[in-house]
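Here's structure_39.txt, which has compact mmCIF, C-alpha atoms:
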# COMPACT_ATOMS: atom_id res chain seq x y z
CA MET M 1 166.97 -73.86 -31.69
CA GLN M 2 163.56 -74.83 -30.50
CA MET M 3 163.12 -76.16 -26.97
CA LYS M 4 160.10 -78.38 -26.77
CA ALA M 5 158.22 -79.19 -23.63
CA SER M 6 159.74 -81.70 -21.27
CA ALA M 7 157.76 -84.82 -20.57
CA PRO M 8 157.94 -87.63 -18.05
CA PRO M 9 159.71 -90.83 -19.07
CA PRO M 10 157.51 -93.77 -20.11
CA GLY M 11 156.36 -95.94 -17.29
CA SER M 12 156.36 -93.14 -14.71
CA ALA M 13 153.35 -92.11 -12.69
CA GLU M 14 153.05 -88.99 -14.80
CA GLU M 15 153.13 -90.75 -18.18
CA ASP M 16 149.45 -90.02 -18.85
CA GLY M 17 150.11 -86.31 -18.51
CA PRO M 18 150.53 -83.91 -15.63
CA THR M 19 147.58 -82.65 -13.63
CA LYS M 20 146.53 -79.00 -13.81
CA GLU M 21 148.24 -78.46 -10.46
CA GLY M 22 151.41 -80.10 -11.76
CA ARG M 23 151.37 -78.01 -14.93
CA LEU M 24 151.00 -74.79 -12.96
CA LEU M 25 153.75 -75.72 -10.49
CA THR M 26 156.06 -76.77 -13.33
CA PHE M 27 155.57 -73.61 -15.38
CA CYS M 28 156.04 -71.42 -12.31
CA TYR M 29 159.24 -73.30 -11.51
CA LEU M 30 160.41 -72.85 -15.10
CA ALA M 31 160.03 -69.09 -14.69
CA ALA M 32 162.29 -69.29 -11.64
CA PHE M 33 164.71 -71.54 -13.57
CA ASN M 34 164.89 -68.97 -16.36
CA CYS M 35 165.71 -66.29 -13.80
CA TRP M 36 168.53 -68.49 -12.50
CA LEU M 37 169.87 -68.96 -16.04
CA LEU M 38 169.84 -65.20 -16.44
CA LEU M 39 171.81 -64.70 -13.22
CA CYS M 40 174.06 -67.76 -13.45
CA PRO M 41 174.20 -69.37 -16.92
CA ASP M 42 176.16 -72.40 -15.74
CA THR M 43 173.98 -75.00 -17.56
CA LEU M 44 173.17 -74.13 -21.17
CA SER M 45 171.76 -76.41 -23.81
CA HIS M 46 170.51 -76.08 -27.38
CA ASP M 47 167.67 -78.51 -26.68
CA TRP M 48 165.70 -79.10 -23.49
CA GLN M 49 163.45 -81.94 -24.66
CA MET M 50 162.84 -85.39 -23.26
CA GLY M 51 162.59 -84.86 -19.52
CA SER M 52 165.52 -82.47 -19.18
CA VAL M 53 163.50 -80.67 -16.52
CA PRO M 54 161.37 -83.21 -14.61
CA LEU M 55 157.82 -82.19 -13.85
CA VAL M 56 157.03 -80.59 -10.50
CA ALA M 57 154.12 -82.88 -9.65
CA GLN M 58 153.68 -82.29 -5.90
CA PRO M 59 153.56 -79.19 -3.67
CA ALA M 60 156.15 -80.90 -1.46
CA ASP M 61 158.76 -80.79 -4.25
CA PRO M 62 161.72 -78.77 -2.89
CA ARG M 63 161.99 -76.90 -6.20
CA ASN M 64 158.86 -75.01 -5.17
CA LEU M 65 161.09 -73.16 -2.71
CA ALA M 66 162.99 -71.71 -5.66
CA THR M 67 159.67 -70.67 -7.22
CA ALA M 68 158.59 -69.00 -3.97
CA ALA M 69 161.93 -67.18 -3.65
CA CYS M 70 161.69 -65.92 -7.23
CA LEU M 71 158.12 -64.71 -6.75
CA GLY M 72 159.07 -63.06 -3.46
CA CYS M 73 161.98 -61.19 -5.03
CA GLY M 74 159.79 -60.14 -7.94
CA ALA M 75 157.09 -58.85 -5.60
CA ALA M 76 159.67 -56.94 -3.53
CA LEU M 77 161.14 -55.33 -6.65
CA LEU M 78 157.70 -54.38 -7.93
CA TYR M 79 156.78 -52.84 -4.56
CA ARG M 80 160.03 -50.89 -4.50
CA GLY M 81 159.44 -49.73 -8.07
CA LEU M 82 155.94 -48.47 -7.28
CA ALA M 83 157.18 -46.83 -4.08
CA ASP M 84 159.83 -44.94 -6.05
CA LEU M 85 157.25 -43.40 -8.40
CA GLU M 86 157.83 -39.75 -7.57
CA PRO M 87 158.06 -36.81 -9.99
CA GLN M 88 161.68 -36.14 -9.15
CA ARG M 89 162.90 -39.76 -9.03
CA PRO M 90 163.67 -41.83 -12.16
CA PRO M 91 161.53 -45.03 -12.29
CA ALA M 92 164.57 -47.26 -12.83
CA VAL M 93 163.39 -50.14 -10.64
CA LEU M 94 159.88 -50.24 -12.10
CA LEU M 95 161.23 -50.01 -15.65
CA GLY M 96 163.73 -52.79 -14.92
CA VAL M 97 160.98 -55.05 -13.51
CA LEU M 98 158.75 -54.39 -16.53
CA LEU M 99 161.57 -55.14 -18.97
CA LEU M 100 162.39 -58.26 -17.00
CA THR M 101 158.87 -59.69 -16.93
CA LEU M 102 156.72 -58.41 -19.81
CA PRO M 103 158.88 -59.71 -22.72
CA PHE M 104 159.10 -63.09 -20.97
CA LEU M 105 155.37 -63.58 -20.32
CA PRO M 106 154.43 -64.70 -23.89
CA ALA M 107 157.00 -67.50 -23.66
CA SER M 108 156.19 -68.54 -20.08
CA ASN M 109 153.28 -70.92 -20.97
CA LEU M 110 151.32 -69.33 -18.11
CA PHE M 111 148.82 -67.55 -20.36
CA ILE M 112 149.23 -69.16 -23.78
CA THR M 113 150.80 -72.49 -24.71
CA VAL M 114 153.92 -72.30 -26.84
CA GLY M 115 156.07 -75.04 -28.35
CA PHE M 116 158.88 -74.90 -25.80
CA VAL M 117 159.48 -74.44 -22.11
CA LEU M 118 163.13 -73.40 -22.07
CA ALA M 119 165.02 -71.35 -24.62
CA GLU M 120 167.92 -69.02 -23.97
CA ARG M 121 166.76 -66.77 -26.80
CA VAL M 122 163.66 -65.69 -24.82
CA LEU M 123 165.99 -64.13 -22.21
CA TYR M 124 167.55 -61.60 -24.58
CA MET M 125 164.96 -58.88 -23.95
CA PRO M 126 164.48 -59.66 -20.23
CA SER M 127 168.25 -59.38 -19.80
CA LEU M 128 167.90 -55.64 -20.49
CA GLY M 129 165.78 -55.37 -17.37
CA GLY M 130 168.32 -57.36 -15.39
CA VAL M 131 171.17 -55.12 -16.55
CA LEU M 132 169.16 -52.03 -15.66
CA LEU M 133 168.39 -53.32 -12.15
CA VAL M 134 172.01 -54.32 -11.50
CA SER M 135 173.30 -51.00 -12.81
CA TYR M 136 170.85 -49.02 -10.71
CA GLY M 137 171.74 -51.07 -7.63
CA ALA M 138 175.44 -50.49 -8.27
CA GLN M 139 174.77 -46.76 -8.59
CA LEU M 140 173.01 -46.73 -5.21
CA LEU M 141 175.85 -48.68 -3.61
CA TRP M 142 178.39 -46.31 -5.13
CA GLY M 143 176.69 -43.38 -3.45
CA ARG M 144 176.49 -45.08 -0.06
CA LEU M 145 179.95 -46.63 0.05
CA GLY M 146 182.89 -44.59 1.14
CA HIS M 147 186.24 -44.32 -0.56
CA ARG M 148 187.33 -47.57 1.03
CA GLY M 149 184.32 -49.54 -0.20
CA ARG M 150 184.22 -48.28 -3.78
CA PRO M 151 187.32 -50.22 -4.93
CA LEU M 152 185.61 -53.41 -3.75
CA LEU M 153 182.55 -52.55 -5.84
CA VAL M 154 184.73 -51.88 -8.89
CA ALA M 155 186.57 -55.17 -8.36
CA ALA M 156 183.26 -57.05 -8.04
CA ALA M 157 181.97 -55.45 -11.24
CA LEU M 158 185.15 -56.34 -13.14
CA LEU M 159 185.05 -59.90 -11.81
CA LEU M 160 181.40 -60.27 -12.86
CA ALA M 161 182.14 -58.89 -16.34
CA ALA M 162 185.13 -61.22 -16.72
CA ALA M 163 183.07 -64.23 -15.62
CA PHE M 164 180.29 -63.52 -18.11
CA CYS M 165 182.76 -62.81 -20.93
CA GLY M 166 184.53 -66.08 -20.18
CA ARG M 167 181.20 -67.95 -20.22
CA ALA M 168 180.33 -66.37 -23.56
CA LEU M 169 183.70 -67.44 -25.03
CA LEU M 170 183.19 -71.01 -23.82
CA ARG M 171 179.68 -71.09 -25.26
CA ASN M 172 180.97 -69.79 -28.59
CA ARG M 173 183.38 -72.72 -28.67
CA ASP M 174 180.43 -75.07 -28.11
CA TRP M 175 178.77 -73.67 -31.25
CA LEU M 176 181.86 -74.03 -33.47
CA SER M 177 180.59 -77.19 -35.17
CA ARG M 178 177.84 -79.75 -35.07
CA GLU M 179 180.06 -82.16 -33.14
CA THR M 180 181.10 -79.65 -30.46
CA LEU M 181 177.47 -78.58 -29.99
CA ALA M 182 176.28 -82.18 -29.61
CA ARG M 183 179.04 -83.02 -27.13
CA ALA M 184 178.43 -79.81 -25.15
CA GLY M 185 174.74 -80.65 -24.91
CA LEU M 186 175.57 -84.14 -23.70
CA ARG M 187 177.91 -82.76 -21.02
CA ALA M 188 175.21 -80.36 -19.82
CA LEU M 189 172.31 -82.84 -19.90
CA PRO M 190 173.64 -86.43 -19.88
CA HIS M 191 170.14 -87.72 -19.01
CA ASN M 192 168.60 -86.13 -22.12
CA ALA M 193 167.87 -88.80 -24.75
CA LYS M 194 167.85 -86.21 -27.53
CA MET M 195 171.48 -85.32 -26.81
CA HIS M 196 172.56 -88.95 -27.23
CA TYR M 197 170.47 -89.14 -30.41
CA ASN M 198 172.03 -85.99 -31.90
CA LEU M 199 175.56 -87.19 -31.18
CA ALA M 200 174.75 -90.65 -32.55
CA ASN M 201 173.51 -89.08 -35.79
CA PHE M 202 176.81 -87.25 -36.19
CA LEU M 203 178.82 -90.38 -35.40
CA ARG M 204 176.79 -92.44 -37.86
CA GLU M 205 177.29 -89.92 -40.66
CA THR M 206 181.05 -89.79 -40.01
CA GLY M 207 181.46 -93.58 -40.07
CA GLN M 208 181.89 -94.16 -36.32
CA ARG M 209 179.33 -96.95 -36.24
CA GLU M 210 180.14 -98.59 -32.90
CA LEU M 211 179.97 -95.33 -30.97
CA ALA M 212 176.80 -94.39 -32.83
CA VAL M 213 175.16 -97.68 -31.85
CA HIS M 214 176.17 -97.08 -28.21
CA HIS M 215 174.56 -93.63 -28.10
CA TYR M 216 171.41 -94.78 -29.92
CA ARG M 217 171.03 -97.55 -27.35
CA GLU M 218 171.58 -95.06 -24.54
CA ALA M 219 168.92 -92.77 -26.02
CA LEU M 220 166.49 -95.70 -26.11
CA ARG M 221 167.36 -96.66 -22.55
CA LEU M 222 166.46 -93.16 -21.42
CA TRP M 223 163.42 -92.89 -23.72
CA PRO M 224 162.19 -96.30 -24.95
CA ASP M 225 159.47 -94.77 -27.13
CA TYR M 226 161.91 -92.76 -29.25
CA ALA M 227 160.80 -93.79 -32.76
CA SER M 228 163.55 -91.98 -34.68
CA ALA M 229 166.24 -93.55 -32.50
CA HIS M 230 164.78 -97.00 -33.22
CA ASN M 231 164.81 -96.25 -36.95
CA ASN M 232 168.36 -94.89 -37.08
CA LEU M 233 169.71 -97.68 -34.91
CA GLY M 234 168.12 -100.21 -37.25
CA THR M 235 170.12 -98.80 -40.17
CA LEU M 236 173.34 -99.79 -38.34
CA LEU M 237 172.21 -103.32 -37.55
CA ALA M 238 171.22 -106.32 -39.63
CA GLY M 239 168.79 -109.20 -39.65
CA ALA M 240 166.22 -109.75 -36.97
CA GLU M 241 167.61 -107.04 -34.68
CA ALA M 242 167.31 -104.37 -37.38
CA GLU M 243 163.79 -105.56 -38.23
CA ALA M 244 162.77 -105.33 -34.57
CA HIS M 245 163.88 -101.71 -34.36
CA PHE M 246 162.18 -100.75 -37.65
CA LEU M 247 158.97 -102.41 -36.50
CA ALA M 248 159.23 -100.59 -33.16
CA ALA M 249 159.63 -97.27 -34.98
CA VAL M 250 156.61 -98.00 -37.18
CA GLY M 251 154.57 -99.06 -34.17
CA LEU M 252 155.44 -95.94 -32.21
CA ALA M 253 155.07 -93.57 -35.17
CA PRO M 254 152.77 -95.09 -37.83
CA ALA M 255 153.43 -92.13 -40.15
CA HIS M 256 157.24 -92.49 -39.97
CA VAL M 257 158.06 -92.63 -43.70
CA HIS M 258 161.77 -93.40 -43.30
CA ALA M 259 161.11 -96.33 -40.98
CA HIS M 260 158.71 -97.86 -43.53
CA TYR M 261 161.24 -97.36 -46.31
CA ASN M 262 164.11 -98.85 -44.32
CA LEU M 263 161.97 -101.84 -43.37
CA GLY M 264 161.06 -102.34 -47.03
CA GLN M 265 164.74 -102.20 -47.99
CA LEU M 266 165.55 -104.82 -45.34
CA TYR M 267 162.83 -107.15 -46.61
CA ARG M 268 164.08 -106.74 -50.19
CA ARG M 269 167.66 -107.61 -49.19
CA GLU M 270 166.32 -110.72 -47.47
CA ASN M 271 164.32 -111.68 -50.61
CA ARG M 272 161.03 -111.17 -48.79
CA SER M 273 159.57 -109.37 -51.79
CA ALA M 274 155.89 -109.65 -50.91
CA GLU M 275 156.47 -108.10 -47.47
CA ALA M 276 158.71 -105.43 -49.01
CA VAL M 277 155.98 -104.47 -51.51
CA ARG M 278 153.38 -104.30 -48.74
CA VAL M 279 155.52 -102.02 -46.56
CA LEU M 280 156.61 -99.80 -49.46
CA GLU M 281 153.03 -99.40 -50.69
CA ARG M 282 152.11 -98.16 -47.24
CA CYS M 283 155.13 -95.81 -47.36
CA ALA M 284 153.99 -94.49 -50.76
CA ARG M 285 150.53 -93.82 -49.37
CA LEU M 286 152.01 -91.91 -46.44
CA ASP M 287 154.13 -89.70 -48.70
CA PRO M 288 153.34 -90.00 -52.43
CA GLY M 289 156.26 -87.71 -53.25
CA TYR M 290 158.95 -89.75 -51.44
CA LEU M 291 161.15 -90.73 -54.40
CA PRO M 292 163.33 -93.45 -52.80
CA ALA M 293 160.26 -95.49 -51.83
CA GLN M 294 158.63 -95.00 -55.24
CA ARG M 295 161.84 -96.00 -57.03
CA LEU M 296 162.30 -99.15 -54.95
CA LEU M 297 158.63 -100.09 -55.26
CA ALA M 298 158.73 -99.69 -59.06
CA ARG M 299 161.84 -101.89 -59.15
CA LEU M 300 160.09 -104.58 -57.14
CA TYR M 301 157.07 -104.44 -59.45
CA THR M 302 159.37 -104.77 -62.45
CA GLU M 303 161.31 -107.67 -60.96
CA ALA M 304 157.99 -109.43 -60.31
CA GLY M 305 157.05 -108.96 -63.98
CA ASP M 306 154.33 -106.42 -63.23
CA ARG M 307 155.60 -103.69 -65.56
CA GLY M 308 152.13 -102.17 -65.84
CA SER M 309 151.98 -101.36 -62.13
CA ALA M 310 155.52 -100.00 -62.20
CA GLY M 311 154.83 -97.77 -65.19
CA SER M 312 151.53 -96.56 -63.76
CA LEU M 313 153.20 -95.73 -60.43
CA LEU M 314 156.03 -93.72 -62.00
CA ALA M 315 153.76 -92.00 -64.53
CA ARG M 316 151.39 -90.91 -61.78
CA LEU M 317 154.35 -89.65 -59.75
CA ALA M 318 155.85 -87.75 -62.71
CA LEU M 319 152.62 -86.09 -63.82
CA SER M 320 151.13 -85.23 -60.43
CA PRO M 321 151.98 -81.77 -59.08
CA PRO M 322 154.50 -80.58 -58.26
CA THR M 323 156.26 -81.72 -61.42
CA THR M 324 159.99 -81.83 -60.74
CA ALA M 325 163.03 -82.80 -62.76
CA ASP M 326 163.79 -85.69 -60.39
CA ARG M 327 160.37 -87.25 -60.91
CA LEU M 328 160.51 -86.84 -64.69
CA ALA M 329 164.05 -88.23 -64.81
CA LEU M 330 163.01 -91.26 -62.76
CA TYR M 331 160.13 -92.02 -65.13
CA ALA M 332 162.29 -91.38 -68.21
CA ALA M 333 165.01 -93.73 -66.94
CA TRP M 334 162.43 -96.45 -66.34
CA LEU M 335 160.98 -95.99 -69.84
CA HIS M 336 164.46 -96.18 -71.36
CA GLU M 337 165.17 -99.35 -69.39
CA GLN M 338 161.92 -100.92 -70.57
CA GLU M 339 162.74 -100.07 -74.19
CA ASP M 340 166.03 -101.94 -73.81
CA VAL M 341 164.18 -104.88 -72.28
CA TYR M 342 161.64 -105.00 -75.10
CA LEU M 343 164.41 -104.87 -77.72
CA LEU M 344 166.24 -107.70 -75.95
CA ASP M 345 163.04 -109.79 -75.85
CA ALA M 346 162.42 -109.13 -79.54
CA ASN M 347 165.96 -110.18 -80.51
CA GLN M 348 165.69 -113.35 -78.47
CA SER M 349 162.35 -114.25 -80.06
CA GLN M 350 163.92 -113.97 -83.56
Output the file's structure in the form of structure tokens.
Amino acid sequence: MQMKASAPPPGSAEEDGPTKEGRLLTFCYLAAFNCWLLLCPDTLSHDWQMGSVPLVAQPADPRNLATAACLGCGAALLYRGLADLEPQRPPAVLLGVLLLTLPFLPASNLFITVGFVLAERVLYMPSLGGVLLVSYGAQLLWGRLGHRGRPLLVAAALLLAAAFCGRALLRNRDWLSRETLARAGLRALPHNAKMHYNLANFLRETGQRELAVHHYREALRLWPDYASAHNNLGTLLAGAEAEAHFLAAVGLAPAHVHAHYNLGQLYRRENRSAEAVRVLERCARLDPGYLPAQRLLARLYTEAGDRGSAGSLLARLALSPPTTADRLALYAAWLHEQEDVYLLDANQSQ
């Protein structure tokens, strides 16, 4: 469940990348956002890519107020923790602050760059600090409240525990299956193109083509440079529209092997053999071990009468490491087919 860094949508003023000031403001805000998720996990997602959290580009952005409030509370807690450092007093506040901050720092992007900006898993250890601080605060309140106030504290604690247990049960339901997870992510972040893409993949694999096309198009509306969405949408379309999406995927991601292969398949179905061979040869160069492309390319060579190129291609694939049963079986099947062809030619010549 990796959460990659958010980025601005194409065409925005920030498309060329955020400034150093914008990066710092964004990462500081993300720390505050993580604190909010720890206190109130109302919005949870398995993927925070594709602009789920817009960049904080200007100091005037109102989200900086949340950053300032978080830093202020952290500074106040740290001051209280240091002030409580006495031989006879347990350092609960200081220990809670350290548990809250130190495990989170490696994932904060403030000191080292990591491959994500938001991930609920990085809050597991900091949550120990949060529990310690809340428990210590409840203990202090218990001592200061009278007999009339303590039932209110107990009721608040029970209500908080019930709320978090209920949220955990709901989140467990979201993770029951691939479909429920995709739909939960879309409910939480409807403006996230990756959520539409994930749901479209599920719909495509379960035969719900029209809905899959709708969500692929929505993903491309939100993120026009989404190469994989172009490729997968093209597999559900035909003719010039499918070709346009495959070409878009290849243009956006020149090393996209599947887009090259799908484009080659489209050209072959349309009897554009020369173009199919050109695209599939490029696909084979990108990934020499991609069997579907090698198989289709060998078939095109054979259909064109160039059995030498087909045999050389499959022999090189079968004998180059790593040698696998699939590669050997593909070459063996081709050899067996050619033996039948030669026998047929010999019988016809007699």
May I have the residues within 12 Å of Arg204 (chain M) as a list of chain:residue names, using all atoms listed in the file and disregarding those fewer than 4 positions away in the same chain? M:Glu179, M:His196, M:Tyr197, M:Asn198, M:Leu199, M:Ala200, M:Gln208, M:Arg209, M:Glu210, M:Leu211, M:Ala212, M:Val213, M:His214, M:His215, M:Tyr216, M:Ala229, M:Asn232, M:Leu233, M:Gly234, M:Thr235, M:Leu236, M:Leu237
If you measure from CA of Gly185 (chain M) to CA of Asp47 (chain M), what distance in Å do you get, rounded to one decimal? 7.6 Å
Which residues come within 9 Å of region 267-284 of chain M, counting only C-alpha atoms, excluding same-chain residues fewer than 2 positions away, as a list of chain:residue names? M:Gly239, M:Glu243, M:Ala255, M:His256, M:Val257, M:His258, M:Ala259, M:His260, M:Tyr261, M:Asn262, M:Leu263, M:Gly264, M:Gln265, M:Leu286, M:Asp287, M:Pro288, M:Gly289, M:Tyr290, M:Leu291, M:Ala293, M:Gln294, M:Leu296, M:Leu297, M:Leu300, M:Tyr301, M:Ala304
Considering only C-alpha atoms, return as an NGL selection string whatever protein or nucleic-acid residues lie within 12 Å of Arg121 (chain M), sequence-local ones (same chain, fewer than 5 positions apart) excluded. :M and (1-3 or 34 or 37-38 or 44-47 or 103-104 or 107 or 116 or 126-127)
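If all atoms listed in the file are the atoms counted, then among M:Gly115, M:Gly22, M:Pro106, M:Gly149 the closest residue to Gln49 (chain M) is M:Gly115.
Of note, CA of Leu99 (chain M) and CA of Leu78 (chain M) are spaced 11.7 Å apart.
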Residues at most 8 Å from Ala227 (chain M), counting all atoms listed in the file, excluding those fewer than 3 positions away in the same chain, as an MDAnalysis selection string? chainID M and resid 230:231 248:250 252:253
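Note that the spacing between CA of Arg178 (chain M) and CA of Ala219 (chain M) amounts to 18.2 Å.
Every polymer residue reaching to within 12 Å of (170.6, -52.1, -11.2), counting all atoms listed in the file, appears in this list: M:Leu77, M:Gly81, M:Pro91, M:Ala92, M:Val93, M:Leu94, M:Leu95, M:Gly96, M:Val97, M:Leu100, M:Ser127, M:Leu128, M:Gly129, M:Gly130, M:Val131, M:Leu132, M:Leu133, M:Val134, M:Ser135, M:Tyr136, M:Gly137, M:Ala138, M:Gln139, M:Leu140, M:Leu141, M:Trp142, M:Ala157.
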For each of M:Leu160, M:Met50, M:Ala68, M:Leu39, take the minimum atom-to-atom distance to Asn192 (chain M), counting only C-alpha atoms, then give the residue where this is smallest. M:Met50
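Of the listed residues M:Val53, M:Ala76, M:Leu169, M:Leu203, the one whose atoms come nearest to Leu118 (chain M) is M:Val53, with distances taken using all atoms listed in the file.
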If we count all atoms listed in the file and set the cut-off at 12 Å, which residues sit around Asn64 (chain M), ignoring sequence neighbours fewer than 3 positions away in its own chain? Please answer as a PyMOL selection string. chain M and resi 22+24-33+55-61+67-71
Once N, CA and C atoms are restored for region 67-84 of chain M, what would the output be as a PDB file, in the frame of the given file?
ATOM      1  N   THR M  67     160.774 -71.448  -6.641  1.00  0.00           N
ATOM      2  CA  THR M  67     159.670 -70.670  -7.220  1.00  0.00           C
ATOM      3  C   THR M  67     159.204 -69.591  -6.255  1.00  0.00           C
ATOM      4  N   ALA M  68     159.043 -69.973  -4.970  1.00  0.00           N
ATOM      5  CA  ALA M  68     158.590 -69.000  -3.970  1.00  0.00           C
ATOM      6  C   ALA M  68     159.608 -67.882  -3.800  1.00  0.00           C
ATOM      7  N   ALA M  69     160.895 -68.215  -3.789  1.00  0.00           N
ATOM      8  CA  ALA M  69     161.930 -67.180  -3.650  1.00  0.00           C
ATOM      9  C   ALA M  69     161.909 -66.228  -4.841  1.00  0.00           C
ATOM     10  N   CYS M  70     161.733 -66.770  -6.038  1.00  0.00           N
ATOM     11  CA  CYS M  70     161.690 -65.920  -7.230  1.00  0.00           C
ATOM     12  C   CYS M  70     160.480 -64.987  -7.189  1.00  0.00           C
ATOM     13  N   LEU M  71     159.317 -65.539  -6.830  1.00  0.00           N
ATOM     14  CA  LEU M  71     158.120 -64.710  -6.750  1.00  0.00           C
ATOM     15  C   LEU M  71     158.260 -63.649  -5.657  1.00  0.00           C
ATOM     16  N   GLY M  72     158.874 -64.025  -4.537  1.00  0.00           N
ATOM     17  CA  GLY M  72     159.070 -63.060  -3.460  1.00  0.00           C
ATOM     18  C   GLY M  72     159.974 -61.920  -3.882  1.00  0.00           C
ATOM     19  N   CYS M  73     161.075 -62.254  -4.553  1.00  0.00           N
ATOM     20  CA  CYS M  73     161.980 -61.190  -5.030  1.00  0.00           C
ATOM     21  C   CYS M  73     161.295 -60.310  -6.067  1.00  0.00           C
ATOM     22  N   GLY M  74     160.508 -60.936  -6.940  1.00  0.00           N
ATOM     23  CA  GLY M  74     159.790 -60.140  -7.940  1.00  0.00           C
ATOM     24  C   GLY M  74     158.794 -59.197  -7.306  1.00  0.00           C
ATOM     25  N   ALA M  75     158.063 -59.697  -6.284  1.00  0.00           N
ATOM     26  CA  ALA M  75     157.090 -58.850  -5.600  1.00  0.00           C
ATOM     27  C   ALA M  75     157.777 -57.697  -4.863  1.00  0.00           C
ATOM     28  N   ALA M  76     158.930 -57.995  -4.245  1.00  0.00           N
ATOM     29  CA  ALA M  76     159.670 -56.940  -3.530  1.00  0.00           C
ATOM     30  C   ALA M  76     160.164 -55.870  -4.498  1.00  0.00           C
ATOM     31  N   LEU M  77     160.668 -56.303  -5.656  1.00  0.00           N
ATOM     32  CA  LEU M  77     161.140 -55.330  -6.650  1.00  0.00           C
ATOM     33  C   LEU M  77     159.993 -54.485  -7.183  1.00  0.00           C
ATOM     34  N   LEU M  78     158.851 -55.137  -7.428  1.00  0.00           N
ATOM     35  CA  LEU M  78     157.700 -54.380  -7.930  1.00  0.00           C
ATOM     36  C   LEU M  78     157.219 -53.369  -6.890  1.00  0.00           C
ATOM     37  N   TYR M  79     157.186 -53.770  -5.621  1.00  0.00           N
ATOM     38  CA  TYR M  79     156.780 -52.840  -4.560  1.00  0.00           C
ATOM     39  C   TYR M  79     157.740 -51.668  -4.473  1.00  0.00           C
ATOM     40  N   ARG M  80     159.037 -51.970  -4.565  1.00  0.00           N
ATOM     41  CA  ARG M  80     160.030 -50.890  -4.500  1.00  0.00           C
ATOM     42  C   ARG M  80     159.888 -49.964  -5.716  1.00  0.00           C
ATOM     43  N   GLY M  81     159.613 -50.546  -6.875  1.00  0.00           N
ATOM     44  CA  GLY M  81     159.440 -49.730  -8.070  1.00  0.00           C
ATOM     45  C   GLY M  81     158.247 -48.802  -7.971  1.00  0.00           C
ATOM     46  N   LEU M  82     157.134 -49.317  -7.439  1.00  0.00           N
ATOM     47  CA  LEU M  82     155.940 -48.470  -7.280  1.00  0.00           C
ATOM     48  C   LEU M  82     156.166 -47.418  -6.198  1.00  0.00           C
ATOM     49  N   ALA M  83     156.905 -47.793  -5.144  1.00  0.00           N
ATOM     50  CA  ALA M  83     157.180 -46.830  -4.080  1.00  0.00           C
ATOM     51  C   ALA M  83     158.077 -45.695  -4.553  1.00  0.00           C
ATOM     52  N   ASP M  84     158.901 -45.958  -5.547  1.00  0.00           N
ATOM     53  CA  ASP M  84     159.830 -44.940  -6.050  1.00  0.00           C
ATOM     54  C   ASP M  84     159.194 -44.020  -7.088  1.00  0.00           C
TER      55      ASP M  84
END
